[in-house]
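Colleague: I'd like to ask some things about the structure below.
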Amino acid sequence: MVGAEIAHLVRPRPGTLLGRGTVENLGAIVADNDITLVVIDAPLSPVQQRNLERQWKAKVIDRIGLILEIFGERARTHEGRMQVELAALSYQRSRLVRSWTHLERQRGGFGFLGGPGESQLEIDRRLIGERIAKLRRELDGVKRTRALHREARRRVPYPVVALVGYTNAGKSTLFNRLTGSGVVAGDMLFATLDPTMRRLRLPSGKLAILSDTVGFISDLPTHLVAAFRATLEEVTEAELIVHVRDAHHPDSEAQRTDVLSVLADLGLGEQVEEGLPVEAMNKIDLLDPEARASLVNQRLRNAQIAAVSAATGEGCDALLRLIDDRLDGDNRAVRLDVPLADGETLAWIYRHGEILGRRDDERDAHLSVRLSTADLGRLRHRRRVH
């Protein structure tokens, strides 16, 4: 990187976003240093991008374009590549402006129909639209497959715990530490684009499923959230969310706000308000003594915080105990009346719940049972279906 500049905007200009003086000053820097790529940390309209490229004689990409470039490098699986392509095509469709002459040429009509035909620009837009529709159909198939997998998991009493957090907060490193896996983890943005799930043994001996998800970022564009909704559905279906935070980052609190905002966009705002996610304050091995003492005081005030180092393993046992307690504390004692003829539902209750008492009459089994909130919802669904 040659350098970075902060541009002060009084009022965004429609043609270039930046003011005339700023454009000229940056243009001189670009020319003097033979810069071929300029990144603007803000969204640019197609016209603004084209005008800046003409004036600076260099390729210009905005914040969304940079994120898509990184996504493209990180995608490993077929699903990940589909999601990146969908996001990229949605972005490119708005970039199809008449900036090249070949986009303005007309193609002739067919036979006696005559007419000017279809312009290259219209053809490009149509082809992109068709590809977007195809990708959405394929991702709908991914969502249906995931739904089947989730339904299979519901038949096995393993709660799902989802790791979420700002990109580069250390989610994948913590995932590897807790599960003994070898998921790709590194000091990079968006190292994980596809959800990864592994079995997690809790201190009580119970088993859970731990899910590692794509990292969040501030001002995440809406169409990027939409493209990765198939991946993020694992978060919406989880019994417990663990928010992994970079305790060493100077903007940790702002990153927390961004993550909670994305969770709200996914429809989890009410759940977040009712009971905040468990917070794993990661990278405590990088903190100075004063910052560590402050974090300890914060933990004393909030029982839902665990101080951990995914790199060294410090605090991971305490985090597992906290997850165990939260999953166990989610259980509720309820009274149920189930027809004796409905043996399938009775067997399901015995598999998923803790039977506290039972009394039978001629028609029904009257049960006192302890079930998790998630299993109670599943039981209600079963009984509606039956």
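Just so we're on the same page: first chain in the structure tokens is A, next is B, and so on; residues restart at 1 for each chain, and ligands are numbered from 1 in the order they show up.
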From segment 305-342 of chain A, collect each residue whose DSSP state is strand (DSSP E) and return the set as an MDAnalysis selection string.

Modeller: chainID A and resid 305:307 331:339

Colleague: Quick one: pull the distance between atom CA of Glu69 of chain A and atom CA of Arg144 of chain A, Å, one decimal.

Modeller: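 It comes out at 28.2 Å.
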
Colleague: Rank nothing, just name the residue among A:Asp360, A:Glu85, A:Asp375, A:Glu354 nearest to Arg136 of chain A, using only C-alpha atoms.

Modeller: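 For Arg136 of chain A, the nearest of the candidates is A:Glu85.
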
Colleague: Give me the residues near segment 16-30 of chain A as a PDB file with N, CA and C atoms, in the first residue's frame, where near means some atom within 10 Å (using only C-alpha atoms) and where sequence neighbours in that chain fewer than 5 positions away do not count.

Modeller:
ATOM      1  N   VAL A   2       0.584   2.171  -0.891  1.00  0.00           N
ATOM      2  CA  VAL A   2       1.387   3.400  -0.991  1.00  0.00           C
ATOM      3  C   VAL A   2       1.053   4.353   0.148  1.00  0.00           C
ATOM      4  N   GLY A   3      -0.210   4.512   0.475  1.00  0.00           N
ATOM      5  CA  GLY A   3      -0.585   5.439   1.539  1.00  0.00           C
ATOM      6  C   GLY A   3      -2.083   5.474   1.725  1.00  0.00           C
ATOM      7  N   GLU A   5      -5.332   8.345   2.907  1.00  0.00           N
ATOM      8  CA  GLU A   5      -5.713   9.732   3.124  1.00  0.00           C
ATOM      9  C   GLU A   5      -7.128   9.794   3.700  1.00  0.00           C
ATOM     10  N   ILE A   6      -7.371  10.753   4.590  1.00  0.00           N
ATOM     11  CA  ILE A   6      -8.705  11.005   5.129  1.00  0.00           C
ATOM     12  C   ILE A   6      -9.263  12.242   4.440  1.00  0.00           C
ATOM     13  N   ALA A   7     -10.393  12.086   3.798  1.00  0.00           N
ATOM     14  CA  ALA A   7     -11.022  13.196   3.074  1.00  0.00           C
ATOM     15  C   ALA A   7     -12.221  13.694   3.875  1.00  0.00           C
ATOM     16  N   HIS A   8     -12.262  14.978   4.149  1.00  0.00           N
ATOM     17  CA  HIS A   8     -13.366  15.575   4.905  1.00  0.00           C
ATOM     18  C   HIS A   8     -14.450  16.033   3.927  1.00  0.00           C
ATOM     19  N   LEU A   9     -15.645  15.487   4.124  1.00  0.00           N
ATOM     20  CA  LEU A   9     -16.767  15.789   3.234  1.00  0.00           C
ATOM     21  C   LEU A   9     -17.755  16.711   3.929  1.00  0.00           C
ATOM     22  N   VAL A  10     -17.943  17.902   3.367  1.00  0.00           N
ATOM     23  CA  VAL A  10     -19.000  18.782   3.862  1.00  0.00           C
ATOM     24  C   VAL A  10     -20.339  18.339   3.274  1.00  0.00           C
ATOM     25  N   ARG A  11     -20.302  18.057   1.976  1.00  0.00           N
ATOM     26  CA  ARG A  11     -21.502  17.589   1.282  1.00  0.00           C
ATOM     27  C   ARG A  11     -21.056  16.683   0.136  1.00  0.00           C
ATOM     28  N   ILE A  35       0.123   4.910  -9.136  1.00  0.00           N
ATOM     29  CA  ILE A  35      -0.844   4.035  -8.465  1.00  0.00           C
ATOM     30  C   ILE A  35      -1.850   3.528  -9.494  1.00  0.00           C
ATOM     31  N   THR A  36      -2.118   2.238  -9.452  1.00  0.00           N
ATOM     32  CA  THR A  36      -3.053   1.634 -10.413  1.00  0.00           C
ATOM     33  C   THR A  36      -4.391   1.247  -9.773  1.00  0.00           C
ATOM     34  N   LEU A  37      -4.478   1.248  -8.446  1.00  0.00           N
ATOM     35  CA  LEU A  37      -5.715   0.867  -7.755  1.00  0.00           C
ATOM     36  C   LEU A  37      -5.957   1.794  -6.572  1.00  0.00           C
ATOM     37  N   VAL A  38      -7.158   2.357  -6.513  1.00  0.00           N
ATOM     38  CA  VAL A  38      -7.556   3.229  -5.405  1.00  0.00           C
ATOM     39  C   VAL A  38      -8.796   2.632  -4.753  1.00  0.00           C
ATOM     40  N   ALA A  42     -16.101   3.787   1.230  1.00  0.00           N
ATOM     41  CA  ALA A  42     -17.481   4.293   1.214  1.00  0.00           C
ATOM     42  C   ALA A  42     -18.146   3.712  -0.029  1.00  0.00           C
ATOM     43  N   PRO A  43     -19.473   3.607  -0.022  1.00  0.00           N
ATOM     44  CA  PRO A  43     -20.142   3.128  -1.239  1.00  0.00           C
ATOM     45  C   PRO A  43     -20.123   4.193  -2.323  1.00  0.00           C
ATOM     46  N   LEU A  44     -19.801   3.805  -3.545  1.00  0.00           N
ATOM     47  CA  LEU A  44     -19.791   4.698  -4.696  1.00  0.00           C
ATOM     48  C   LEU A  44     -20.908   4.314  -5.651  1.00  0.00           C
ATOM     49  N   SER A  45     -21.536   5.309  -6.227  1.00  0.00           N
ATOM     50  CA  SER A  45     -22.500   5.017  -7.287  1.00  0.00           C
ATOM     51  C   SER A  45     -21.717   4.674  -8.550  1.00  0.00           C
ATOM     52  N   PRO A  46     -22.348   4.000  -9.522  1.00  0.00           N
ATOM     53  CA  PRO A  46     -21.639   3.678 -10.766  1.00  0.00           C
ATOM     54  C   PRO A  46     -21.056   4.911 -11.455  1.00  0.00           C
ATOM     55  N   VAL A  47     -21.809   6.019 -11.448  1.00  0.00           N
ATOM     56  CA  VAL A  47     -21.333   7.241 -12.096  1.00  0.00           C
ATOM     57  C   VAL A  47     -20.120   7.796 -11.365  1.00  0.00           C
ATOM     58  N   GLN A  48     -20.168   7.814 -10.027  1.00  0.00           N
ATOM     59  CA  GLN A  48     -19.025   8.310  -9.250  1.00  0.00           C
ATOM     60  C   GLN A  48     -17.779   7.471  -9.504  1.00  0.00           C
ATOM     61  N   GLN A  49     -17.949   6.161  -9.532  1.00  0.00           N
ATOM     62  CA  GLN A  49     -16.815   5.273  -9.780  1.00  0.00           C
ATOM     63  C   GLN A  49     -16.217   5.540 -11.164  1.00  0.00           C
ATOM     64  N   ARG A  50     -17.072   5.674 -12.174  1.00  0.00           N
ATOM     65  CA  ARG A  50     -16.590   5.906 -13.550  1.00  0.00           C
ATOM     66  C   ARG A  50     -15.859   7.246 -13.639  1.00  0.00           C
ATOM     67  N   ASN A  51     -16.414   8.310 -13.032  1.00  0.00           N
ATOM     68  CA  ASN A  51     -15.798   9.635 -13.124  1.00  0.00           C
ATOM     69  C   ASN A  51     -14.443   9.682 -12.429  1.00  0.00           C
ATOM     70  N   LEU A  52     -14.341   9.034 -11.273  1.00  0.00           N
ATOM     71  CA  LEU A  52     -13.054   9.027 -10.562  1.00  0.00           C
ATOM     72  C   LEU A  52     -12.012   8.248 -11.359  1.00  0.00           C
ATOM     73  N   GLU A  53     -12.417   7.140 -11.973  1.00  0.00           N
ATOM     74  CA  GLU A  53     -11.467   6.364 -12.778  1.00  0.00           C
ATOM     75  C   GLU A  53     -10.975   7.182 -13.972  1.00  0.00           C
ATOM     76  N   GLN A  55     -10.734  10.501 -14.156  1.00  0.00           N
ATOM     77  CA  GLN A  55      -9.885  11.605 -13.744  1.00  0.00           C
ATOM     78  C   GLN A  55      -8.541  11.128 -13.210  1.00  0.00           C
ATOM     79  N   TRP A  56      -8.539   9.990 -12.507  1.00  0.00           N
ATOM     80  CA  TRP A  56      -7.288   9.501 -11.908  1.00  0.00           C
ATOM     81  C   TRP A  56      -6.539   8.532 -12.815  1.00  0.00           C
ATOM     82  N   LYS A  57      -7.224   8.064 -13.868  1.00  0.00           N
ATOM     83  CA  LYS A  57      -6.619   7.077 -14.789  1.00  0.00           C
ATOM     84  C   LYS A  57      -6.088   5.861 -14.007  1.00  0.00           C
ATOM     85  N   ALA A  58      -6.926   5.392 -13.093  1.00  0.00           N
ATOM     86  CA  ALA A  58      -6.603   4.217 -12.264  1.00  0.00           C
ATOM     87  C   ALA A  58      -7.907   3.500 -11.940  1.00  0.00           C
TER      88      ALA A  58
END

Colleague: Would you mind telling me which residue in A:Ser172, A:Thr236, A:Ser252, A:Thr196 lies nearest to Ala310 of chain A when using only C-alpha atoms?

Modeller: A:Ser172

Colleague: Just to confirm, what's the straight-line distance from atom CA of Arg301 of chain A to atom CA of Leu207 of chain A in Å (one decimal)?

Modeller: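 Atom CA of Leu207 of chain A lies 29.0 Å from atom CA of Arg301 of chain A.
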